>>> print(open('run-v9.pdb').read())   # PDB, C-alpha atoms, pLDDT in the B column
ATOM      1  CA  MET V   1     114.807-198.919 -84.959  1.00 93.00           C
ATOM      2  CA  GLU V   2     117.092-196.181 -86.245  1.00 96.00           C
ATOM      3  CA  ILE V   3     120.352-195.258 -84.493  1.00 97.00           C
ATOM      4  CA  GLU V   4     123.163-192.894 -85.323  1.00 97.00           C
ATOM      5  CA  ILE V   5     126.696-194.302 -85.543  1.00 96.00           C
ATOM      6  CA  ILE V   6     129.604-191.916 -84.984  1.00 97.00           C
ATOM      7  CA  SER V   7     133.156-193.204 -85.367  1.00 96.00           C
ATOM      8  CA  PHE V   8     136.516-191.782 -84.311  1.00 94.00           C
ATOM      9  CA  GLY V   9     140.199-192.332 -85.022  1.00 91.00           C
ATOM     10  CA  LYS V  10     141.283-195.391 -86.972  1.00 92.00           C
ATOM     11  CA  ILE V  11     137.740-196.804 -86.814  1.00 94.00           C
ATOM     12  CA  SER V  12     136.470-193.883 -88.912  1.00 94.00           C
ATOM     13  CA  GLU V  13     138.631-195.191 -91.770  1.00 93.00           C
ATOM     14  CA  PHE V  14     136.208-198.080 -92.327  1.00 93.00           C
ATOM     15  CA  ILE V  15     133.017-197.024 -90.525  1.00 93.00           C
ATOM     16  CA  ASN V  16     131.561-193.738 -91.705  1.00 91.00           C
ATOM     17  CA  ASN V  17     129.228-191.689 -89.556  1.00 92.00           C
ATOM     18  CA  GLN V  18     125.751-192.841 -90.540  1.00 91.00           C
ATOM     19  CA  LYS V  19     122.191-193.571 -89.545  1.00 94.00           C
ATOM     20  CA  LEU V  20     121.376-197.292 -89.395  1.00 90.00           C
ATOM     21  CA  SER V  21     118.038-199.033 -89.381  1.00 93.00           C
ATOM     22  CA  ILE V  22     118.832-202.035 -87.232  1.00 91.00           C
ATOM     23  CA  ASP V  23     117.074-204.482 -84.946  1.00 92.00           C
ATOM     24  CA  VAL V  24     119.223-204.678 -81.802  1.00 95.00           C
ATOM     25  CA  GLU V  25     118.200-204.364 -78.184  1.00 96.00           C
ATOM     26  CA  SER V  26     121.501-203.725 -76.400  1.00 97.00           C
ATOM     27  CA  THR V  27     125.051-202.530 -76.809  1.00 97.00           C
ATOM     28  CA  ASP V  28     126.291-206.147 -76.704  1.00 97.00           C
ATOM     29  CA  ASP V  29     123.931-206.996 -79.590  1.00 97.00           C
ATOM     30  CA  LEU V  30     125.207-203.969 -81.492  1.00 96.00           C
ATOM     31  CA  LYS V  31     128.859-204.977 -80.994  1.00 96.00           C
ATOM     32  CA  THR V  32     128.121-208.465 -82.332  1.00 96.00           C
ATOM     33  CA  HIS V  33     126.290-207.016 -85.340  1.00 95.00           C
ATOM     34  CA  LEU V  34     129.026-204.468 -86.114  1.00 95.00           C
ATOM     35  CA  GLU V  35     131.776-207.089 -85.875  1.00 96.00           C
ATOM     36  CA  LYS V  36     129.937-209.198 -88.469  1.00 96.00           C
ATOM     37  CA  ILE V  37     129.583-206.243 -90.858  1.00 93.00           C
ATOM     38  CA  PHE V  38     133.042-204.782 -90.133  1.00 94.00           C
ATOM     39  CA  PRO V  39     135.438-207.679 -89.434  1.00 96.00           C
ATOM     40  CA  GLN V  40     138.211-205.115 -88.858  1.00 95.00           C
ATOM     41  CA  LEU V  41     136.650-204.566 -85.391  1.00 95.00           C
ATOM     42  CA  VAL V  42     137.242-208.184 -84.352  1.00 95.00           C
ATOM     43  CA  GLY V  43     140.242-208.280 -82.060  1.00 91.00           C
ATOM     44  CA  MET V  44     140.448-204.472 -81.960  1.00 92.00           C
ATOM     45  CA  LYS V  45     140.059-202.702 -78.633  1.00 93.00           C
ATOM     46  CA  TYR V  46     137.314-200.085 -78.747  1.00 95.00           C
ATOM     47  CA  LYS V  47     134.719-198.477 -76.527  1.00 94.00           C
ATOM     48  CA  LEU V  48     131.130-197.518 -77.169  1.00 97.00           C
ATOM     49  CA  ALA V  49     129.442-194.385 -75.901  1.00 97.00           C
ATOM     50  CA  LEU V  50     125.656-194.325 -75.741  1.00 98.00           C
ATOM     51  CA  ASN V  51     124.253-190.802 -76.008  1.00 98.00           C
ATOM     52  CA  LYS V  52     127.668-189.352 -75.017  1.00 96.00           C
ATOM     53  CA  ASN V  53     128.140-191.664 -72.011  1.00 97.00           C
ATOM     54  CA  ILE V  54     130.885-194.311 -72.078  1.00 95.00           C
ATOM     55  CA  VAL V  55     129.349-197.780 -71.863  1.00 96.00           C
ATOM     56  CA  GLN V  56     130.776-199.738 -68.931  1.00 94.00           C
ATOM     57  CA  HIS V  57     128.357-202.687 -69.186  1.00 96.00           C
ATOM     58  CA  ASN V  58     125.590-203.899 -71.475  1.00 98.00           C
ATOM     59  CA  CYS V  59     122.959-201.160 -71.944  1.00 97.00           C
ATOM     60  CA  ALA V  60     119.576-201.057 -73.675  1.00 98.00           C
ATOM     61  CA  ILE V  61     119.427-199.170 -76.973  1.00 97.00           C
ATOM     62  CA  LYS V  62     116.348-197.176 -77.955  1.00 97.00           C
ATOM     63  CA  ASP V  63     115.134-195.674 -81.226  1.00 96.00           C
ATOM     64  CA  ASN V  64     117.108-192.553 -82.240  1.00 97.00           C
ATOM     65  CA  ASP V  65     119.974-193.219 -79.811  1.00 98.00           C
ATOM     66  CA  SER V  66     123.456-192.087 -80.776  1.00 97.00           C
ATOM     67  CA  ILE V  67     126.346-194.560 -80.502  1.00 97.00           C
ATOM     68  CA  ALA V  68     129.976-193.487 -80.744  1.00 97.00           C
ATOM     69  CA  ILE V  69     132.640-196.102 -81.541  1.00 97.00           C
ATOM     70  CA  MET V  70     136.033-195.054 -80.235  1.00 94.00           C
ATOM     71  CA  PRO V  71     139.509-196.610 -80.303  1.00 91.00           C
ATOM     72  CA  PRO V  72     141.613-196.522 -77.115  1.00 81.00           C
ATOM     73  CA  PHE V  73     142.698-193.040 -76.177  1.00 74.00           C
ATOM     74  CA  SER V  74     144.760-191.340 -73.526  1.00 66.00           C
ATOM     75  CA  GLY V  75     145.365-187.805 -72.530  1.00 61.00           C
ATOM     76  CA  GLY V  76     147.163-185.634 -70.163  1.00 53.00           C
TER      77      GLY V  76
END
>>> encode(input="run-v9.pdb", output="structure tokens")
Amino acid sequence: MEIEIISFGKISEFINNQKLSIDVESTDDLKTHLEKIFPQLVGMKYKLALNKNIVQHNCAIKDNDSIAIMPPFSGG
């Protein structure tokens, strides 16, 4: 399966936007995989967005999905 990874903020300093060929079925699986490859994520607060929708719970990932990895943010 191929997915697109898009990173923002401090996370973009060590994870570049890229296409990955990866064998994961869910966002929880992806988080586990990314934390093994990028140990900087361990202990860091971040959110995932699947196809531009913030992930609130474990979601299935399909071929050609887009995943954004975002640090905490606030606005006004």
>>> residues_around(input="run-v9.pdb", residues="Ile37 (chain V)", least_positions_apart="5", cutoff="10 Å", atoms="all atoms listed in the file", output="PyMOL selection string")
chain V and resi 15+31-32
>>> resolve_selection(input="run-v9.pdb", expression="the PyMOL selection byres ((chain V and resi 28) around 10)", output="list in words")
Val24, Glu25, Ser26, Thr27, Asp29, Leu30, Lys31, Thr32, His33, Leu34, Leu48, His57, Asn58, Cys59, Ala60 and Ile61 of chain V
>>> atom_distance(input="run-v9.pdb", atom1="CA of Ile67 (chain V)", atom2="CA of Gly43 (chain V)")
19.6 Å
>>> residues_around(input="run-v9.pdb", residues="region 11-14 of chain V", least_positions_apart="4", cutoff="9 Å", atoms="all atoms listed in the file", output="count of residues only")
9
>>> closest_residue(input="run-v9.pdb", among="V:Asn17, V:Lys45, V:Pro39, V:Asn53", to="Glu4 (chain V)", atoms="all atoms listed in the file")
V:Asn17
>>> atom_distance(input="run-v9.pdb", atom1="CA of Gly9 (chain V)", atom2="CA of Gln56 (chain V)")
20.1 Å
>>> atom_distance(input="run-v9.pdb", atom1="CA of Gln18 (chain V)", atom2="CA of Phe73 (chain V)")
22.2 Å
>>> residues_around(input="run-v9.pdb", residues="Ile3 (chain V)", least_positions_apart="6", cutoff="10 Å", atoms="only C-alpha atoms", output="JSON, numbers by chain")
{"V": [18, 19, 20, 21, 22, 23, 24, 61, 62, 63, 64, 65, 66, 67]}
>>> write_last_selection(input="run-v9.pdb", atoms="C-alpha atoms", output="JSON list (two decimals), in the frame of the given file")
[["chain", "number", "residue", "atom", "x", "y", "z"],
["V", 18, "GLN", "CA", 125.75, -192.84, -90.54],
["V", 19, "LYS", "CA", 122.19, -193.57, -89.54],
["V", 20, "LEU", "CA", 121.38, -197.29, -89.40],
["V", 21, "SER", "CA", 118.04, -199.03, -89.38],
["V", 22, "ILE", "CA", 118.83, -202.04, -87.23],
["V", 23, "ASP", "CA", 117.07, -204.48, -84.95],
["V", 24, "VAL", "CA", 119.22, -204.68, -81.80],
["V", 61, "ILE", "CA", 119.43, -199.17, -76.97],
["V", 62, "LYS", "CA", 116.35, -197.18, -77.96],
["V", 63, "ASP", "CA", 115.13, -195.67, -81.23],
["V", 64, "ASN", "CA", 117.11, -192.55, -82.24],
["V", 65, "ASP", "CA", 119.97, -193.22, -79.81],
["V", 66, "SER", "CA", 123.46, -192.09, -80.78],
["V", 67, "ILE", "CA", 126.35, -194.56, -80.50]]
>>> closest_residue(input="run-v9.pdb", among="V:Pro72, V:Glu35, V:Val55, V:Ala49", to="Ile5 (chain V)", atoms="only C-alpha atoms")
V:Ala49
